[in-house]
file coords10.cif (mmCIF, C-alpha atoms and all ligand atoms)
data_final
#
loop_
_atom_site.label_atom_id
_atom_site.label_comp_id
_atom_site.auth_asym_id
_atom_site.auth_seq_id
_atom_site.Cartn_x
_atom_site.Cartn_y
_atom_site.Cartn_z
CA MET C 1 7.60 3.50 -17.60
CA THR C 2 9.35 2.55 -14.47
CA THR C 3 9.84 -1.13 -14.02
CA ALA C 4 10.57 -2.88 -10.84
CA HIS C 5 12.24 -6.06 -9.97
CA PRO C 6 13.31 -7.82 -6.84
CA VAL C 7 16.77 -8.15 -5.48
CA PRO C 8 18.04 -10.24 -2.62
CA ALA C 9 17.61 -8.31 0.62
CA GLY C 10 20.57 -6.16 1.49
CA SER C 11 21.90 -5.83 -2.04
CA SER C 12 21.42 -2.36 -3.42
CA PRO C 13 19.01 0.50 -2.87
CA GLY C 14 17.23 1.91 -5.83
CA SER C 15 17.30 -1.42 -7.56
CA ALA C 16 15.11 -3.78 -5.63
CA LEU C 17 13.85 -4.95 -2.22
CA ALA C 18 10.89 -4.56 0.13
CA ALA C 19 9.63 -4.29 3.80
CA GLY C 20 6.65 -3.84 6.24
CA ALA C 21 5.33 -1.55 8.98
CA LEU C 22 4.51 -0.92 12.69
CA PRO C 23 3.60 2.26 14.61
CA SER C 24 5.99 5.15 15.37
CA SER C 25 8.01 6.44 18.32
CA ALA C 26 5.00 5.66 20.33
CA PRO C 27 3.67 3.14 17.87
CA VAL C 28 0.66 4.73 16.32
CA GLY C 29 -1.96 3.25 18.61
CA ALA C 30 -1.94 -0.18 20.13
CA SER C 31 -4.51 -1.45 17.68
CA SER C 32 -2.13 -0.65 14.88
CA THR C 33 0.80 -2.50 16.35
CA THR C 34 -0.67 -5.38 18.22
CA ARG C 35 -2.81 -8.01 16.62
CA PRO C 36 -5.78 -9.28 18.56
CA ASP C 37 -4.30 -12.78 18.54
CA GLY C 38 -1.15 -11.39 20.19
CA ALA C 39 1.12 -12.71 17.42
CA ALA C 40 4.63 -11.22 17.40
CA PRO C 41 5.02 -8.74 14.55
CA ALA C 42 6.60 -9.96 11.34
CA ILE C 43 7.87 -6.42 10.77
CA GLU C 44 8.47 -3.73 13.34
CA ILE C 45 9.71 -0.19 12.82
CA VAL C 46 10.10 2.16 15.76
CA ALA C 47 10.92 5.87 15.46
CA LEU C 48 12.77 5.52 12.17
CA ARG C 49 14.66 8.57 10.95
CA LYS C 50 16.66 9.07 7.75
CA ALA C 51 17.95 12.26 6.12
CA TYR C 52 19.73 12.87 2.83
CA GLY C 53 21.93 15.83 3.74
CA SER C 54 19.56 18.51 4.98
CA ASN C 55 16.51 16.79 3.45
CA VAL C 56 14.84 14.74 6.17
CA ALA C 57 13.08 12.03 4.15
CA VAL C 58 11.87 10.02 7.16
CA ARG C 59 11.35 12.01 10.36
CA ASP C 60 9.47 9.61 12.61
CA VAL C 61 7.94 6.41 11.32
CA SER C 62 6.75 3.53 13.47
CA LEU C 63 4.59 0.59 12.54
CA ALA C 64 4.07 -3.11 13.16
CA VAL C 65 2.92 -5.77 10.73
CA GLY C 66 1.39 -9.02 11.92
CA PRO C 67 2.20 -12.34 10.27
CA GLY C 68 0.07 -13.00 7.20
CA GLU C 69 -1.10 -9.41 6.82
CA ILE C 70 -1.08 -7.25 3.75
CA PHE C 71 0.08 -4.00 5.33
CA GLY C 72 0.22 -0.76 3.38
CA ILE C 73 2.51 2.23 3.49
CA LEU C 74 0.48 4.87 1.71
CA GLY C 75 1.43 8.43 0.96
CA PRO C 76 2.03 10.97 -1.79
CA ASN C 77 5.23 10.99 -3.79
CA GLY C 78 8.20 12.11 -1.75
CA ALA C 79 6.52 11.19 1.55
CA GLY C 80 9.38 8.89 2.56
CA LYS C 81 7.86 5.50 1.75
CA THR C 82 10.70 4.06 -0.30
CA THR C 83 13.34 5.37 2.09
CA THR C 84 11.46 3.65 4.92
CA VAL C 85 11.42 0.28 3.19
CA GLU C 86 15.02 0.63 2.03
CA CYS C 87 16.05 1.09 5.67
CA LEU C 88 13.88 -1.85 6.62
CA ALA C 89 15.48 -4.01 3.97
CA GLY C 90 18.97 -3.04 5.10
CA LEU C 91 19.67 -1.13 1.90
CA ARG C 92 20.12 2.18 3.66
CA GLN C 93 21.59 3.00 7.02
CA ALA C 94 19.03 4.77 9.19
CA ASP C 95 20.02 7.82 11.23
CA GLY C 96 17.84 6.72 14.13
CA GLY C 97 15.23 4.24 15.31
CA THR C 98 15.01 0.49 15.07
CA VAL C 99 13.74 -1.92 12.45
CA ARG C 100 13.16 -5.65 12.77
CA ILE C 101 11.99 -8.34 10.39
CA LEU C 102 10.94 -11.52 12.18
CA GLY C 103 13.08 -10.30 15.07
CA ARG C 104 16.17 -9.82 12.87
CA ASP C 105 17.97 -6.49 12.57
CA PRO C 106 18.54 -5.62 8.91
CA GLN C 107 20.52 -2.51 9.81
CA ALA C 108 23.12 -4.31 11.90
CA ASP C 109 23.09 -7.51 9.88
CA PRO C 110 21.46 -7.20 6.46
CA ALA C 111 22.61 -10.68 5.51
CA SER C 112 20.49 -12.14 8.30
CA VAL C 113 17.27 -11.04 6.63
CA ARG C 114 18.04 -12.51 3.24
CA GLU C 115 16.57 -15.88 4.02
CA VAL C 116 13.25 -14.43 5.17
CA LEU C 117 12.74 -11.31 3.06
CA GLY C 118 11.92 -10.83 -0.59
CA VAL C 119 12.07 -7.32 -1.96
CA GLN C 120 10.76 -5.71 -5.07
CA LEU C 121 11.61 -2.04 -5.36
CA GLN C 122 11.05 0.63 -7.98
CA GLU C 123 13.34 1.46 -10.84
CA ALA C 124 15.12 -1.76 -11.43
CA GLU C 125 15.75 -3.38 -14.77
CA LEU C 126 16.81 -6.80 -15.90
CA ASN C 127 18.97 -7.47 -18.90
CA GLU C 128 16.65 -6.91 -21.88
CA ARG C 129 17.56 -10.23 -23.45
CA MET C 130 17.16 -12.41 -20.40
CA THR C 131 14.09 -14.62 -20.59
CA VAL C 132 11.55 -15.06 -17.82
CA ALA C 133 12.78 -18.59 -17.06
CA GLU C 134 16.45 -17.51 -17.11
CA ALA C 135 15.78 -14.63 -14.72
CA LEU C 136 14.02 -16.95 -12.30
CA ARG C 137 16.81 -19.54 -12.50
CA LEU C 138 19.44 -16.83 -11.93
CA TYR C 139 17.66 -15.42 -8.89
CA ALA C 140 16.98 -18.92 -7.55
CA SER C 141 20.73 -19.55 -7.62
CA PHE C 142 21.20 -16.81 -4.98
CA TYR C 143 19.41 -18.95 -2.39
CA GLU C 144 20.09 -22.23 -0.67
CA SER C 145 16.48 -23.39 -0.73
CA PRO C 146 14.77 -21.46 -3.50
CA ALA C 147 11.18 -21.85 -4.62
CA ASP C 148 10.49 -23.97 -7.67
CA PRO C 149 10.65 -21.54 -10.64
CA ALA C 150 8.04 -23.58 -12.54
CA GLU C 151 5.63 -23.32 -9.63
CA LEU C 152 6.23 -19.59 -9.35
CA MET C 153 5.60 -19.12 -13.06
CA ASP C 154 2.31 -20.97 -12.63
CA LEU C 155 1.35 -18.88 -9.60
CA LEU C 156 2.01 -15.65 -11.46
CA ASP C 157 0.61 -16.66 -14.85
CA LEU C 158 4.03 -16.50 -16.45
CA THR C 159 4.30 -20.04 -17.81
CA PRO C 160 3.11 -19.05 -21.30
CA HIS C 161 5.80 -16.35 -21.36
CA ARG C 162 8.67 -18.39 -19.92
CA ALA C 163 10.80 -18.06 -23.08
CA ARG C 164 10.03 -14.39 -23.67
CA GLN C 165 12.82 -11.86 -23.21
CA PHE C 166 12.45 -9.22 -20.49
CA GLY C 167 12.61 -6.40 -23.05
CA LYS C 168 9.61 -7.85 -24.88
CA LEU C 169 7.33 -8.29 -21.86
CA SER C 170 4.32 -6.01 -21.34
CA GLY C 171 4.18 -3.79 -18.26
CA GLY C 172 1.91 -6.23 -16.46
CA GLN C 173 4.13 -9.19 -17.34
CA LYS C 174 7.20 -7.34 -16.04
CA GLN C 175 5.41 -6.61 -12.80
CA ARG C 176 4.39 -10.26 -12.43
CA LEU C 177 7.98 -11.31 -13.08
CA SER C 178 9.14 -8.81 -10.47
CA ILE C 179 6.82 -10.40 -7.92
CA ALA C 180 8.04 -13.86 -8.89
CA LEU C 181 11.66 -12.73 -8.41
CA ALA C 182 10.81 -11.28 -5.00
CA LEU C 183 9.35 -14.66 -4.02
CA VAL C 184 12.01 -16.93 -5.46
CA GLY C 185 13.88 -17.12 -2.16
CA ASN C 186 10.77 -18.51 -0.46
CA PRO C 187 10.52 -15.44 1.77
CA GLN C 188 8.23 -15.25 4.79
CA VAL C 189 7.99 -11.50 4.25
CA ALA C 190 7.78 -9.65 0.92
CA ILE C 191 8.07 -5.94 0.24
CA LEU C 192 6.33 -4.70 -2.90
CA ASP C 193 6.99 -1.07 -3.85
CA GLU C 194 4.69 0.80 -6.27
CA LEU C 195 3.70 -2.45 -7.88
CA THR C 196 1.03 -1.17 -10.22
CA THR C 197 2.42 2.19 -11.30
CA GLY C 198 2.08 2.46 -15.06
CA LEU C 199 -0.31 -0.47 -15.44
CA ASP C 200 -3.71 -0.19 -17.08
CA PRO C 201 -6.80 -0.76 -14.90
CA GLN C 202 -7.21 -4.38 -15.97
CA ALA C 203 -3.57 -5.25 -15.28
CA ARG C 204 -3.79 -3.47 -11.91
CA ARG C 205 -6.75 -5.57 -10.87
CA ALA C 206 -5.01 -8.75 -12.04
CA THR C 207 -1.93 -7.77 -10.01
CA TRP C 208 -4.06 -7.18 -6.91
CA GLU C 209 -5.46 -10.69 -7.23
CA LEU C 210 -1.94 -12.07 -7.47
CA VAL C 211 -0.88 -10.23 -4.34
CA GLU C 212 -3.80 -11.82 -2.50
CA ARG C 213 -2.83 -15.21 -3.87
CA VAL C 214 0.69 -14.72 -2.51
CA ARG C 215 -0.68 -13.74 0.90
CA ASP C 216 -2.88 -16.84 0.87
CA ARG C 217 0.33 -18.87 0.72
CA GLY C 218 1.30 -17.41 4.09
CA VAL C 219 3.62 -14.61 2.99
CA THR C 220 3.40 -11.36 4.98
CA ILE C 221 3.27 -8.47 2.53
CA LEU C 222 4.33 -4.88 2.97
CA LEU C 223 2.82 -2.92 0.14
CA VAL C 224 4.14 0.54 -0.68
CA THR C 225 1.80 2.62 -2.77
CA HIS C 226 0.62 6.13 -3.51
CA PHE C 227 -2.69 4.77 -4.85
CA MET C 228 -5.49 5.23 -2.34
CA ASP C 229 -7.79 2.76 -4.09
CA GLU C 230 -5.08 0.10 -4.11
CA ALA C 231 -4.48 0.46 -0.38
CA GLU C 232 -8.19 0.41 0.35
CA ARG C 233 -8.75 -2.68 -1.78
CA LEU C 234 -5.76 -4.75 -0.65
CA CYS C 235 -4.55 -3.77 2.79
CA ASP C 236 -5.69 -5.30 6.06
CA ARG C 237 -4.11 -2.32 7.82
CA LEU C 238 -1.97 0.58 6.73
CA VAL C 239 -0.19 3.73 7.72
CA ILE C 240 -0.48 6.98 5.83
CA ILE C 241 2.87 8.77 5.69
CA ASP C 242 3.22 12.44 4.87
CA GLN C 243 6.47 14.43 4.92
CA GLY C 244 8.29 11.65 6.71
CA VAL C 245 5.82 11.07 9.55
CA VAL C 246 2.93 8.69 10.12
CA VAL C 247 -0.24 10.76 10.09
CA ALA C 248 -2.80 7.95 10.35
CA ALA C 249 -2.84 4.22 11.06
CA GLY C 250 -5.46 1.49 11.10
CA SER C 251 -7.60 -0.61 8.80
CA PRO C 252 -9.08 1.19 5.81
CA ALA C 253 -12.55 0.94 7.36
CA GLU C 254 -11.34 2.24 10.75
CA LEU C 255 -9.57 5.17 9.16
CA ILE C 256 -12.53 6.14 7.02
CA GLU C 257 -14.92 5.74 9.97
CA SER C 258 -12.64 7.90 12.13
CA VAL C 259 -13.05 10.86 9.80
CA ASP C 260 -16.81 10.86 9.85
CA SER C 261 -19.12 8.09 10.95
CA SER C 262 -22.20 9.60 9.35
CA ARG C 263 -23.70 8.12 6.20
CA VAL C 264 -24.76 10.12 3.16
CA LEU C 265 -27.43 9.13 0.65
CA ARG C 266 -28.52 10.80 -2.57
CA LEU C 267 -32.12 10.27 -3.64
CA ARG C 268 -33.85 10.96 -6.93
CA LEU C 269 -37.65 11.03 -6.99
CA GLU C 270 -40.46 11.82 -9.34
CA PRO C 271 -41.05 15.61 -9.08
CA HIS C 272 -44.57 15.14 -7.68
CA GLU C 273 -43.19 12.96 -4.84
CA GLU C 274 -40.51 15.39 -3.63
CA ALA C 275 -42.57 17.45 -1.17
CA GLN C 276 -44.02 14.37 0.50
CA ALA C 277 -40.58 12.70 0.65
CA LEU C 278 -38.98 15.77 2.24
CA GLU C 279 -41.62 15.78 4.94
CA ILE C 280 -41.08 12.11 5.69
CA LEU C 281 -37.28 12.38 5.67
CA THR C 282 -37.08 15.33 8.03
CA GLY C 283 -39.23 13.43 10.53
CA LEU C 284 -36.96 10.37 10.78
CA ALA C 285 -34.87 9.84 13.91
CA ASP C 286 -31.86 8.47 11.95
CA VAL C 287 -31.73 11.50 9.66
CA GLN C 288 -29.44 14.37 10.70
CA ALA C 289 -29.72 16.65 7.68
CA VAL C 290 -31.63 16.90 4.43
CA THR C 291 -30.60 19.19 1.59
CA ARG C 292 -31.95 19.58 -1.88
CA GLU C 293 -29.71 20.09 -4.91
CA GLY C 294 -31.71 20.37 -8.11
CA HIS C 295 -33.64 17.14 -8.45
CA GLU C 296 -31.47 15.33 -5.93
CA ILE C 297 -32.08 15.15 -2.22
CA GLU C 298 -29.03 14.55 -0.04
CA VAL C 299 -29.67 12.88 3.29
CA THR C 300 -27.06 12.65 6.05
CA GLY C 301 -27.70 10.35 8.99
CA THR C 302 -26.64 7.55 11.26
CA ARG C 303 -25.36 4.20 10.07
CA ARG C 304 -29.02 3.04 10.02
CA VAL C 305 -30.13 5.84 7.73
CA LEU C 306 -30.31 3.74 4.56
CA PRO C 307 -32.82 1.14 5.76
CA ALA C 308 -34.74 3.79 7.72
CA VAL C 309 -35.17 6.01 4.66
CA VAL C 310 -36.02 3.22 2.24
CA LEU C 311 -38.59 1.71 4.60
CA ALA C 312 -40.27 4.97 5.49
CA LEU C 313 -40.57 6.04 1.85
CA ALA C 314 -41.76 2.59 0.76
CA GLU C 315 -44.54 2.74 3.35
CA ALA C 316 -45.75 5.92 1.62
CA ASP C 317 -45.42 4.17 -1.74
CA VAL C 318 -42.47 6.37 -2.72
CA VAL C 319 -39.63 4.42 -4.35
CA PRO C 320 -36.62 6.64 -5.04
CA ASP C 321 -33.38 5.87 -6.85
CA VAL C 322 -30.88 5.76 -3.98
CA ARG C 323 -27.11 6.13 -4.14
CA THR C 324 -24.88 5.92 -1.10
CA VAL C 325 -22.00 8.39 -1.05
CA THR C 326 -18.86 6.55 0.04
CA ARG C 327 -15.90 8.13 1.74
CA SER C 328 -12.40 7.05 0.92
CA LEU C 329 -8.86 7.10 2.25
CA GLU C 330 -8.45 10.30 0.29
CA ASP C 331 -10.91 11.95 2.69
CA VAL C 332 -8.76 10.63 5.55
CA PHE C 333 -5.63 12.22 4.04
CA VAL C 334 -7.40 15.55 3.57
CA HIS C 335 -8.77 15.35 7.11
CA VAL C 336 -5.43 14.64 8.82
CA THR C 337 -3.18 16.86 6.72
CA GLY C 338 -5.52 19.68 5.73
CA ARG C 339 -4.24 19.32 2.17
CA THR C 340 -5.55 17.67 -0.96
CA TYR C 341 -3.86 14.49 -2.07
CA ASP C 342 -1.35 14.88 -4.91
CA HIS C 343 -2.18 12.12 -7.38
CA THR C 344 0.37 13.21 -9.90
CA GLY C 345 3.34 12.73 -7.62
CA ALA C 346 5.39 15.46 -9.18
CA THR C 347 8.03 15.28 -6.47
CA GLY C 348 11.23 14.32 -8.14
CA PRO C 349 14.78 13.58 -7.10
CA THR C 350 16.67 16.47 -5.58
CA ALA C 351 19.92 17.93 -6.80
CA THR C 352 21.71 15.89 -4.16
CA ASP C 353 20.00 12.69 -5.23
CA ASP C 354 22.13 9.66 -4.68
CA ARG C 355 19.60 6.98 -5.62
CA SER C 356 22.17 5.19 -7.70
CA SER C 357 24.52 4.93 -4.73
CA THR C 358 24.45 2.01 -2.35
CA GLU C 359 24.57 1.98 1.39
CA GLY C 360 23.51 -1.49 2.34
CA ALA C 361 25.68 -4.52 2.79
CA GLY C 362 26.08 -6.89 -0.07
CA ARG C 363 26.60 -4.18 -2.67
N1 LIG A 401 18.84 8.85 -2.72
C1 LIG A 401 18.33 10.01 -2.40
N2 LIG A 401 19.10 11.11 -2.32
C2 LIG A 401 18.60 12.30 -1.98
N3 LIG A 401 17.28 12.52 -1.70
C3 LIG A 401 16.48 11.46 -1.78
C4 LIG A 401 16.95 10.15 -2.12
N4 LIG A 401 15.91 9.29 -2.10
C5 LIG A 401 14.84 10.02 -1.76
N5 LIG A 401 15.18 11.31 -1.57
C6 LIG A 401 14.28 12.39 -1.15
O1 LIG A 401 13.70 11.98 0.07
C7 LIG A 401 12.32 12.31 0.11
C8 LIG A 401 11.52 11.03 0.30
O2 LIG A 401 11.70 10.22 -0.87
P1 LIG A 401 11.15 8.73 -0.98
O3 LIG A 401 11.56 8.18 -2.31
O4 LIG A 401 11.55 7.97 0.21
O5 LIG A 401 9.61 9.00 -0.93
P2 LIG A 401 8.43 8.15 -1.53
O6 LIG A 401 7.28 8.39 -0.63
O7 LIG A 401 8.85 6.75 -1.75
O8 LIG A 401 8.16 8.86 -2.90
P3 LIG A 401 8.12 8.23 -4.38
O9 LIG A 401 6.82 7.53 -4.47
O10 LIG A 401 8.21 9.44 -5.25
O11 LIG A 401 9.31 7.31 -4.50
C9 LIG A 401 12.04 13.05 -1.17
O12 LIG A 401 12.20 14.43 -0.90
C10 LIG A 401 13.12 12.58 -2.10
O13 LIG A 401 13.42 13.53 -3.10
#

call {"tool": "encode", "arguments": {"input": "coords10.cif", "output": "structure tokens"}}
result
Amino acid sequence: MTTAHPVPAGSSPGSALAAGALPSSAPVGASSTTRPDGAAPAIEIVALRKAYGSNVAVRDVSLAVGPGEIFGILGPNGAGKTTTVECLAGLRQADGGTVRILGRDPQADPASVREVLGVQLQEAELNERMTVAEALRLYASFYESPADPAELMDLLDLTPHRARQFGKLSGGQKQRLSIALALVGNPQVAILDELTTGLDPQARRATWELVERVRDRGVTILLVTHFMDEAERLCDRLVIIDQGVVVAAGSPAELIESVDSSRVLRLRLEPHEEAQALEILTGLADVQAVTREGHEIEVTGTRRVLPAVVLALAEADVVPDVRTVTRSLEDVFVHVTGRTYDHTGATGPTATDDRSSTEGAGR
């Protein structure tokens, strides 16, 4: 499995670092770039472009992340997410556009972001024999005012494993260590890239709780993921990137609502109640459509359809089993791209892949 670990900002792409997001060339809608409280963005990307030879990985990405947000960059494999955050972290030179972290320019001066940015990127490894505590001490030594390693180990439930070697950690423990290493410089902004890839469901949920704990300490988090459920669960706002461009931006609820604001219910009734229920349902003002599939009745309606249906049926002494059908960010992706979402992420490195190379300063 791929492991990830953090590296001081501006050190080397493909090994570790992280970033945030704001709307594109014309930042994807004011609501996506400007917080209601008018706070200056912690991260701002405008019209970012980056190609590897003839392969344009990032065509036009813009986004803005407010202080204290968990902001997601969501998209299928190969969409350009990692390239975006590598440019943001100063690990790759962009071909066009601007990026800023707390007003600093990581492209022109990657060293200037080191004090404020912690990055955890994919595909990095620590020495197999290095213990958790040693790794934290080593990374702390890179900074003038590092966090207290003992406190970080407590925060990330690593204290019981402090003497365990990296090579003997479980996937979840490695991920927690990678977050700790990204935070050891006391960053105001942290970039977390594909944090839960390869983890089992329980470890994923535990990692999500840790990310929220980190945000509660005031750290702005840019979360890169191809998991729709992760973005929906964790992100205050997000952009969906596809083929190097931002195709949707907003909060998970806004995005889902934008696809279709109707509500769908599925009802199961006793067979002798079905005819009466159908008559009642079709007469309700909040109901737009009623269809029958076997023993299930599907009802589409306004956002008030659930209470309207339950009340009306209860008045006739009909008590159905009711399920609400929820839409997801996956529906948003399908809606805006016209394609299904590739969960497998089969996109691999190209023949011209230079992931092992470094472009940023401090290599
Ligand atoms: N170092 C590189 N050299 C050449 N091509 C690259 C390099 N890094 C990424 N690419 C290509 O750029 C495109 C975008 O890749 P990128 O890693 O930024 O996407 P991603 O959304 O992060 O996907 P993944 O989740 O698979 O990492 C892909 O076509 C990828 O093959």

call {"tool": "atom_distance", "arguments": {"input": "coords10.cif", "atom1": "atom CA of Arg162 of chain C", "atom2": "atom CA of Thr131 of chain C"}}
result
6.6 Å

call {"tool": "atom_distance", "arguments": {"input": "coords10.cif", "atom1": "atom CA of His335 of chain C", "atom2": "atom CA of Leu255 of chain C"}}
result
10.4 Å

call {"tool": "closest_residue", "arguments": {"input": "coords10.cif", "among": "C:Pro187, C:Gly68, C:Gly80, C:Gly90", "to": "ligand LIG 401 (chain A)", "atoms": "only C-alpha atoms and all ligand atoms"}}
result
C:Gly80

call {"tool": "atom_distance", "arguments": {"input": "coords10.cif", "atom1": "atom CA of Val113 of chain C", "atom2": "atom CA of Phe227 of chain C"}}
result
27.9 Å

call {"tool": "residues_around", "arguments": {"input": "coords10.cif", "residues": "segment 288-305 of chain C", "least_positions_apart": "3", "cutoff": "6 Å", "atoms": "only C-alpha atoms", "output": "ChimeraX atom specification"}}
result
/C:262-268,308-309

call {"tool": "write_last_selection", "arguments": {"input": "coords10.cif", "atoms": "C-alpha atoms", "output": "PDB file, in the frame of the given file"}}
result
ATOM      1  CA  SER C 262     -22.200   9.600   9.350  1.00  0.00           C
ATOM      2  CA  ARG C 263     -23.700   8.120   6.200  1.00  0.00           C
ATOM      3  CA  VAL C 264     -24.760  10.120   3.160  1.00  0.00           C
ATOM      4  CA  LEU C 265     -27.430   9.130   0.650  1.00  0.00           C
ATOM      5  CA  ARG C 266     -28.520  10.800  -2.570  1.00  0.00           C
ATOM      6  CA  LEU C 267     -32.120  10.270  -3.640  1.00  0.00           C
ATOM      7  CA  ARG C 268     -33.850  10.960  -6.930  1.00  0.00           C
ATOM      8  CA  ALA C 308     -34.740   3.790   7.720  1.00  0.00           C
ATOM      9  CA  VAL C 309     -35.170   6.010   4.660  1.00  0.00           C
TER      10      VAL C 309
END

call {"tool": "decode", "arguments": {"input": "coords10.cif", "residues": "segment 290-302 of chain C", "atoms": "N, CA and C atoms", "output": "PDB file, in the first residue's frame"}}
result
ATOM      1  N   VAL C 290     -45.408   9.817  -8.363  1.00  0.00           N
ATOM      2  CA  VAL C 290     -45.528   8.580  -7.590  1.00  0.00           C
ATOM      3  C   VAL C 290     -45.366   7.421  -8.561  1.00  0.00           C
ATOM      4  N   THR C 291     -44.430   6.527  -8.262  1.00  0.00           N
ATOM      5  CA  THR C 291     -44.293   5.348  -9.116  1.00  0.00           C
ATOM      6  C   THR C 291     -44.271   4.109  -8.236  1.00  0.00           C
ATOM      7  N   ARG C 292     -44.673   3.023  -8.825  1.00  0.00           N
ATOM      8  CA  ARG C 292     -44.738   1.784  -8.057  1.00  0.00           C
ATOM      9  C   ARG C 292     -43.748   0.799  -8.653  1.00  0.00           C
ATOM     10  N   GLU C 293     -42.891   0.242  -7.796  1.00  0.00           N
ATOM     11  CA  GLU C 293     -41.944  -0.790  -8.249  1.00  0.00           C
ATOM     12  C   GLU C 293     -42.115  -1.991  -7.352  1.00  0.00           C
ATOM     13  N   GLY C 294     -42.783  -3.017  -7.827  1.00  0.00           N
ATOM     14  CA  GLY C 294     -43.051  -4.175  -6.982  1.00  0.00           C
ATOM     15  C   GLY C 294     -43.880  -3.739  -5.788  1.00  0.00           C
ATOM     16  N   HIS C 295     -43.367  -4.061  -4.586  1.00  0.00           N
ATOM     17  CA  HIS C 295     -44.105  -3.682  -3.387  1.00  0.00           C
ATOM     18  C   HIS C 295     -43.634  -2.344  -2.839  1.00  0.00           C
ATOM     19  N   GLU C 296     -42.800  -1.651  -3.579  1.00  0.00           N
ATOM     20  CA  GLU C 296     -42.337  -0.344  -3.115  1.00  0.00           C
ATOM     21  C   GLU C 296     -43.010   0.764  -3.910  1.00  0.00           C
ATOM     22  N   ILE C 297     -43.313   1.837  -3.197  1.00  0.00           N
ATOM     23  CA  ILE C 297     -43.848   3.025  -3.878  1.00  0.00           C
ATOM     24  C   ILE C 297     -42.794   4.113  -3.756  1.00  0.00           C
ATOM     25  N   GLU C 298     -42.393   4.679  -4.885  1.00  0.00           N
ATOM     26  CA  GLU C 298     -41.412   5.770  -4.856  1.00  0.00           C
ATOM     27  C   GLU C 298     -42.141   7.089  -5.037  1.00  0.00           C
ATOM     28  N   VAL C 299     -41.861   8.013  -4.128  1.00  0.00           N
ATOM     29  CA  VAL C 299     -42.536   9.311  -4.141  1.00  0.00           C
ATOM     30  C   VAL C 299     -41.484  10.402  -4.305  1.00  0.00           C
ATOM     31  N   THR C 300     -41.646  11.243  -5.318  1.00  0.00           N
ATOM     32  CA  THR C 300     -40.752  12.383  -5.505  1.00  0.00           C
ATOM     33  C   THR C 300     -41.542  13.638  -5.193  1.00  0.00           C
ATOM     34  N   GLY C 301     -40.904  14.584  -4.462  1.00  0.00           N
ATOM     35  CA  GLY C 301     -41.647  15.788  -4.106  1.00  0.00           C
ATOM     36  C   GLY C 301     -40.763  16.913  -3.644  1.00  0.00           C
ATOM     37  N   THR C 302     -41.388  17.885  -3.015  1.00  0.00           N
ATOM     38  CA  THR C 302     -40.654  19.054  -2.536  1.00  0.00           C
ATOM     39  C   THR C 302     -39.894  18.682  -1.258  1.00  0.00           C
TER      40      THR C 302
END
